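**Student:** Input structure: start13.txt, which contains compact mmCIF, C-alpha atoms.
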# COMPACT_ATOMS: atom_id res chain seq x y z
CA MET A 1 -6.04 22.14 5.16
CA SER A 2 -3.87 25.03 6.23
CA HIS A 3 -1.80 26.65 3.53
CA ASN A 4 1.57 28.01 4.32
CA PRO A 5 1.68 31.57 3.01
CA ALA A 6 5.38 31.18 2.31
CA PHE A 7 4.81 28.50 -0.30
CA ASP A 8 5.21 29.31 -3.93
CA PHE A 9 4.93 26.93 -6.86
CA SER A 10 5.43 28.24 -10.35
CA VAL A 11 5.78 26.53 -13.69
CA ASN A 12 7.66 28.10 -16.54
CA LYS A 13 6.80 26.21 -19.69
CA GLU A 14 9.23 28.27 -21.75
CA ASN A 15 12.27 27.33 -19.71
CA ASN A 16 10.82 23.94 -18.76
CA THR A 17 11.30 24.66 -15.12
CA ILE A 18 9.30 24.37 -11.96
CA THR A 19 10.27 26.58 -9.06
CA ILE A 20 9.12 25.67 -5.59
CA LYS A 21 9.78 28.00 -2.67
CA ARG A 22 8.98 27.20 0.90
CA GLU A 23 9.85 28.65 4.25
CA PHE A 24 10.45 26.38 7.21
CA ALA A 25 10.30 27.28 10.88
CA ALA A 26 13.73 25.93 11.71
CA GLU A 27 17.29 27.18 11.56
CA LEU A 28 19.25 26.56 8.42
CA PRO A 29 21.59 23.76 9.57
CA LEU A 30 18.63 21.66 10.62
CA VAL A 31 16.81 22.19 7.33
CA TRP A 32 20.00 21.41 5.44
CA ASP A 33 20.27 18.12 7.33
CA ALA A 34 16.64 17.33 6.57
CA TYR A 35 17.35 17.67 2.84
CA THR A 36 20.70 15.96 2.72
CA LYS A 37 20.77 13.17 5.27
CA SER A 38 19.01 10.10 4.01
CA GLU A 39 17.87 8.98 7.47
CA ILE A 40 15.88 12.22 7.71
CA MET A 41 14.82 12.21 4.04
CA ASP A 42 13.34 8.79 4.70
CA LEU A 43 10.94 10.42 7.15
CA TRP A 44 9.33 12.91 4.78
CA TRP A 45 10.38 12.61 1.13
CA ALA A 46 7.70 10.19 -0.07
CA PRO A 47 4.21 11.65 -0.16
CA LYS A 48 1.88 9.74 2.13
CA PRO A 49 0.90 6.94 2.15
CA TRP A 50 4.16 6.06 0.43
CA LYS A 51 7.39 5.63 2.34
CA THR A 52 10.98 6.30 1.40
CA LYS A 53 13.60 3.63 2.02
CA THR A 54 17.21 4.46 1.37
CA LYS A 55 19.37 1.72 -0.05
CA SER A 56 22.57 3.74 -0.18
CA GLN A 57 23.65 7.35 -0.01
CA ASP A 58 26.97 9.03 -0.63
CA PHE A 59 26.46 12.74 -0.13
CA ARG A 60 29.35 14.34 -1.98
CA GLU A 61 29.88 15.82 -5.43
CA GLY A 62 29.70 12.85 -7.79
CA GLY A 63 27.94 10.81 -5.14
CA HIS A 64 24.40 9.49 -5.18
CA TRP A 65 21.23 8.65 -3.31
CA HIS A 66 19.64 5.33 -4.21
CA TYR A 67 16.24 4.91 -2.66
CA ALA A 68 12.88 3.25 -3.04
CA MET A 69 9.40 4.65 -2.82
CA VAL A 70 7.36 1.95 -1.17
CA GLY A 71 3.60 2.00 -1.56
CA PRO A 72 0.92 0.87 0.85
CA GLU A 73 0.47 -2.37 -1.10
CA GLY A 74 4.19 -2.97 -1.15
CA GLU A 75 4.70 -1.53 -4.65
CA ILE A 76 8.21 -0.30 -5.17
CA HIS A 77 9.63 2.41 -7.43
CA TRP A 78 13.40 2.61 -7.35
CA CYS A 79 14.89 6.05 -7.74
CA TRP A 80 18.38 7.30 -8.21
CA ALA A 81 19.73 10.79 -7.65
CA ASP A 82 23.21 11.90 -8.67
CA TYR A 83 24.73 14.72 -6.66
CA ILE A 84 26.55 17.17 -8.87
CA LYS A 85 27.44 20.28 -6.88
CA ILE A 86 27.44 20.74 -3.14
CA HIS A 87 28.13 23.97 -1.27
CA PRO A 88 27.44 23.04 2.35
CA LEU A 89 24.57 24.97 3.97
CA LYS A 90 23.98 26.93 0.76
CA HIS A 91 23.23 24.91 -2.31
CA TYR A 92 23.27 21.51 -3.87
CA SER A 93 22.26 20.21 -7.27
CA GLY A 94 21.81 16.94 -9.02
CA LEU A 95 19.99 14.70 -11.45
CA ASP A 96 16.98 12.58 -10.65
CA GLY A 97 15.84 9.49 -12.44
CA PHE A 98 14.18 6.16 -12.09
CA ALA A 99 16.30 3.08 -11.62
CA ASP A 100 16.11 -0.52 -10.57
CA GLU A 101 17.10 -2.20 -7.36
CA THR A 102 20.72 -2.54 -8.38
CA GLY A 103 20.95 1.09 -9.38
CA ASN A 104 20.75 0.81 -13.16
CA ILE A 105 19.18 4.02 -14.34
CA ASN A 106 16.12 3.67 -16.53
CA ASN A 107 16.85 5.79 -19.57
CA GLU A 108 13.38 5.22 -21.00
CA LEU A 109 11.96 7.46 -18.34
CA PRO A 110 12.87 11.11 -18.21
CA GLN A 111 15.46 12.53 -15.90
CA SER A 112 15.23 15.90 -14.30
CA ALA A 113 17.93 18.26 -13.09
CA TRP A 114 17.39 20.17 -9.89
CA GLY A 115 19.08 22.71 -7.72
CA VAL A 116 18.23 23.57 -4.15
CA ASP A 117 19.17 26.85 -2.46
CA PHE A 118 18.99 27.56 1.25
CA THR A 119 18.58 31.08 2.60
CA ASN A 120 19.01 31.98 6.24
CA ARG A 121 16.12 33.94 7.70
CA GLY A 122 17.09 33.83 11.34
CA GLU A 123 14.82 31.39 13.08
CA LYS A 124 13.48 30.40 9.68
CA THR A 125 14.92 29.04 6.47
CA LEU A 126 13.83 29.60 2.91
CA VAL A 127 14.34 26.73 0.51
CA ASN A 128 14.23 27.39 -3.22
CA TYR A 129 13.91 24.28 -5.38
CA VAL A 130 14.27 24.53 -9.13
CA ILE A 131 13.59 21.51 -11.32
CA THR A 132 14.58 21.63 -14.99
CA PHE A 133 13.43 19.28 -17.71
CA PRO A 134 14.98 18.75 -21.15
CA ASP A 135 11.68 19.61 -22.82
CA LEU A 136 8.08 20.22 -21.96
CA ALA A 137 6.86 16.79 -22.92
CA GLN A 138 9.43 15.26 -20.58
CA LEU A 139 8.37 17.61 -17.86
CA GLU A 140 4.87 16.36 -18.27
CA THR A 141 5.92 12.74 -18.25
CA THR A 142 8.03 13.27 -15.18
CA LEU A 143 5.10 14.86 -13.47
CA GLN A 144 3.09 11.86 -14.37
CA MET A 145 5.70 9.59 -12.84
CA GLY A 146 5.87 11.73 -9.74
CA PHE A 147 2.18 11.38 -9.57
CA LYS A 148 2.28 7.63 -9.90
CA GLU A 149 4.99 7.49 -7.37
CA GLY A 150 3.04 9.60 -4.95
CA MET A 151 -0.38 8.16 -5.35
CA THR A 152 -1.72 4.83 -6.38
CA LEU A 153 -5.15 6.33 -6.54
CA ALA A 154 -6.79 6.80 -9.87
CA MET A 155 -7.05 10.33 -11.23
CA GLU A 156 -10.75 10.47 -10.49
CA ASN A 157 -10.19 9.68 -6.85
CA LEU A 158 -7.55 12.28 -6.34
CA ASP A 159 -9.76 15.29 -5.80
CA GLU A 160 -11.76 13.33 -3.33
CA TYR A 161 -8.59 12.27 -1.66
CA PHE A 162 -7.44 15.83 -1.17
CA SER A 163 -10.74 17.34 -0.17
CA GLY A 164 -12.12 14.51 1.87
CA SER A 165 -10.96 13.01 5.10
CA ARG A 166 -7.65 11.29 5.10
CA PRO A 167 -6.59 8.34 7.17
CA GLU A 168 -4.37 9.28 10.10
CA MET B 169 -9.65 0.64 -23.27
CA ARG B 170 -9.18 3.81 -21.36
CA ARG B 171 -7.09 6.42 -23.13
CA ASP B 172 -5.90 9.58 -21.49
CA ILE B 173 -3.38 12.31 -22.04
CA PHE B 174 -0.84 10.65 -19.78
CA GLN B 175 -0.83 7.51 -21.82
CA ALA B 176 -0.31 9.71 -24.85
CA ILE B 177 2.83 11.32 -23.49
CA ALA B 178 4.23 8.22 -21.82
CA ASP B 179 6.01 7.13 -25.01
CA PRO B 180 9.08 8.96 -26.35
CA THR B 181 8.02 8.61 -30.01
CA ARG B 182 4.62 10.04 -29.22
CA ARG B 183 6.21 12.90 -27.32
CA THR B 184 8.30 13.69 -30.36
CA ILE B 185 5.23 13.57 -32.59
CA ILE B 186 3.47 16.00 -30.26
CA GLY B 187 6.49 18.29 -30.45
CA LEU B 188 6.48 18.16 -34.24
CA ILE B 189 2.83 18.93 -34.78
CA ALA B 190 2.82 21.54 -32.03
CA LEU B 191 4.82 23.64 -34.49
CA GLN B 192 2.62 23.00 -37.50
CA ALA B 193 0.00 20.59 -38.82
CA LEU B 194 1.62 17.70 -40.68
CA THR B 195 0.60 14.82 -42.92
CA PRO B 196 1.28 11.27 -41.71
CA ASN B 197 4.04 10.97 -44.32
CA ALA B 198 5.75 14.14 -43.16
CA ILE B 199 5.61 12.89 -39.58
CA ALA B 200 6.98 9.46 -40.50
CA GLU B 201 9.97 11.05 -42.25
CA HIS B 202 11.28 12.14 -38.88
CA PHE B 203 11.61 8.59 -37.64
CA ASP B 204 13.55 5.48 -38.54
CA THR B 205 10.63 3.26 -37.59
CA SER B 206 8.10 1.97 -40.10
CA ARG B 207 5.17 3.99 -41.39
CA GLN B 208 2.98 1.39 -39.75
CA ALA B 209 4.50 1.98 -36.32
CA ILE B 210 3.96 5.73 -36.71
CA SER B 211 0.35 5.13 -37.78
CA LYS B 212 -0.18 3.19 -34.59
CA HIS B 213 1.16 6.07 -32.50
CA LEU B 214 -1.04 8.52 -34.40
CA LYS B 215 -4.01 6.30 -33.71
CA ILE B 216 -3.29 6.28 -29.97
CA LEU B 217 -2.77 10.05 -29.94
CA THR B 218 -6.08 10.48 -31.74
CA GLU B 219 -7.82 8.16 -29.30
CA CYS B 220 -6.39 10.21 -26.46
CA LYS B 221 -7.92 13.22 -28.21
CA LEU B 222 -4.60 14.97 -28.14
CA ILE B 223 -4.44 15.35 -31.91
CA LYS B 224 -7.10 15.60 -34.56
CA GLN B 225 -7.26 15.00 -38.28
CA GLU B 226 -8.12 17.62 -40.78
CA GLN B 227 -8.76 16.99 -44.44
CA GLN B 228 -7.11 19.49 -46.76
CA GLY B 229 -7.72 18.56 -50.38
CA ARG B 230 -6.51 15.01 -50.80
CA GLU B 231 -4.26 15.11 -47.78
CA ILE B 232 -4.95 14.44 -44.14
CA TYR B 233 -3.18 16.72 -41.69
CA TYR B 234 -2.72 16.08 -38.00
CA GLN B 235 -2.87 18.96 -35.62
CA LEU B 236 -2.58 19.41 -31.89
CA GLU B 237 -5.63 19.79 -29.66
CA VAL B 238 -4.45 22.68 -27.55
CA ASN B 239 -7.31 22.44 -25.07
CA LYS B 240 -6.36 18.91 -24.28
CA MET B 241 -2.95 20.08 -23.19
CA LYS B 242 -4.74 22.07 -20.50
CA GLU B 243 -5.40 18.84 -18.67
CA ILE B 244 -1.72 19.00 -17.92
CA ASP B 245 -2.34 22.23 -16.02
CA GLN B 246 -4.94 20.56 -13.90
CA TRP B 247 -2.47 17.84 -13.31
CA LEU B 248 0.19 20.35 -12.27
CA GLU B 249 -2.20 21.61 -9.65
CA GLN B 250 -2.29 18.13 -8.19
CA TYR B 251 1.47 17.86 -8.34
CA LYS B 252 1.67 21.10 -6.42
CA LYS B 253 -0.49 19.56 -3.73
CA ILE B 254 1.88 16.63 -3.48
CA TRP B 255 4.68 19.08 -2.71
CA GLU B 256 2.57 20.91 -0.17
CA ASP B 257 1.82 17.66 1.52
CA ARG B 258 5.46 16.67 1.48
CA PHE B 259 6.49 20.00 3.03
CA ASN B 260 3.84 19.73 5.72
CA GLU B 261 5.40 16.42 6.61
CA LEU B 262 8.81 18.07 6.72
CA ASP B 263 7.45 20.74 9.09
CA TYR B 264 6.52 17.97 11.43
CA VAL B 265 9.91 16.27 11.08
CA LEU B 266 11.73 19.55 11.77
CA LEU B 267 9.61 20.14 14.85
CA THR B 268 10.51 16.70 16.15
CA LEU B 269 14.18 17.24 15.44
CA LYS B 270 14.13 20.58 17.26
CA LYS B 271 12.50 18.98 20.27
CA ASP B 272 15.07 16.22 20.32
CA LYS B 273 17.81 18.79 20.23
CA HIS B 274 16.41 20.78 23.12
CA GLU B 275 15.40 17.83 25.24
CA PRO B 276 18.02 15.17 24.68
CA GLN B 277 16.74 12.01 26.26
CA SER B 278 18.85 9.23 24.93
CA SER B 279 21.10 8.83 21.97
CA VAL B 280 19.36 7.27 19.01
Written as structure tokens, that's how I'd like the structure from this file.

**Tutor:**
Amino acid sequence: MSHNPAFDFSVNKENNTITIKREFAAELPLVWDAYTKSEIMDLWWAPKPWKTKTKSQDFREGGHWHYAMVGPEGEIHWCWADYIKIHPLKHYSGLDGFADETGNINNELPQSAWGVDFTNRGEKTLVNYVITFPDLAQLETTLQMGFKEGMTLAMENLDEYFSGSRPE
Amino acid sequence: MRRDIFQAIADPTRRTIIGLIALQALTPNAIAEHFDTSRQAISKHLKILTECKLIKQEQQGREIYYQLEVNKMKEIDQWLEQYKKIWEDRFNELDYVLLTLKKDKHEPQSSV
């Protein structure tokens, strides 16, 4: 597995934040579209073998993205993101949570706030993603949910999954 | 029944209990005082947390104190490592999507 040298993932347990930096070999407007247009998000947002299916999106401040993560066995997790601030081609922020099919947010499960910054590097674009959690325990629970969402495999199988051969 | 750290932190009451005893060891009574629920309900949560090996009991005189198993919290770190891999995977997928989009832009064949 090739590792992109311009990938940085850091966890700050004191501020309850995770910062994820990544450089992409594409010009900024294209990367911006890939992060903000649901038809493109649908192509990459869900970790394999899960797929993203957008139910509705309204990309504006106060708008939302309502989507499902669909698993290989047809399992569905409904997610809801609220868009808070949008500065085109620079930054956007919002709140992420779990919901149901009709868009009712599940308040039992933790919500996370995030902000995404885009920096022009000529032919390349740097994306800085900061996720903030109300407290550490929620961070951990959210991670667990992200994990469930991403993988249906049991914990024990995960290492094998990453190190071993993967289906095409 | 399989108990693990993720089951321990999946419940909001248990998360609060973890937060409380992370600061200092507490007796079951002292923990229960922080909640409106019954002593019995709190005992059940303490039992699950103990089974998940996230907290342990310590006898001090006549009282039992619960304290956090710090090492167990390290499992979270291992888990973070896996979460990081999910993001890496996701971004690798995005690389591919961007490449495809760039190609489409440079070689327009038909409108989608």

**Student:** What lies within 10 Å of B:Glu226 using only C-alpha atoms, ignoring chain neighbours under 3 positions off, as a list in words?

**Tutor:**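 My list of contacting residues is Ala193, Leu194, Thr195, Ile223, Gly229, Glu231, Ile232, Tyr233, Tyr234 and Gln235 of chain B.
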
**Student:** Skip A:Val11 itself and residues of its chain fewer than 3 positions away, then list as an MDAnalysis selection string all residues within 10 Å of it, counting only C-alpha atoms.

**Tutor:** (chainID A and resid 14:20 130:131) or (chainID B and resid 245 248 252)

**Student:** Report, in Å to a single decimal, how far apart atom CA of B:Leu236 and atom CA of B:Ile216 are.

**Tutor:**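 Taking atom CA of B:Ile216 and atom CA of B:Leu236, their separation equals 13.3 Å.
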
**Student:** Please measure the separation of atom CA of B:Thr181 and atom CA of A:Glu101, giving the value in Å to one decimal.

**Tutor:**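 So the two atoms, atom CA of B:Thr181 and atom CA of A:Glu101, lie 26.7 Å apart.
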
**Student:** Please find the residues of chain B near chain A - the criterion being any atom within 9 Å, counting all atoms listed in the file - and write them as JSON, numbers by chain.

**Tutor:** {"B": [174, 177, 178, 179, 180, 183, 184, 186, 187, 244, 247, 248, 250, 251, 252, 253, 254, 255, 256, 257, 258, 259, 260, 261, 262, 263, 264, 265, 266, 267, 269, 270]}

**Student:** How many Å lie between atom CA of A:Asn120 and atom CA of A:Pro29, rounded to one decimal?

**Tutor:**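 Spanning atom CA of A:Asn120 to atom CA of A:Pro29 is a straight-line distance of 9.2 Å.
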
**Student:** Quick one: everything within 8 Å of A:Thr54, counting all atoms listed in the file, minus sequence neighbours fewer than 4 positions away in the same chain. Send it as a list of chain:residue names.

**Tutor:**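 Within the cut-off, the hits are A:Ser38, A:Glu39, A:Asp42, A:Trp65, A:His66, A:Tyr67, A:Ala68.
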
**Student:** Using all atoms listed in the file, which residues sit within 10 Å of A:Glu61 once same-chain residues fewer than 3 positions away are excluded, as a ChimeraX atom specification?

**Tutor:** /A:58,64,82-87,92-94
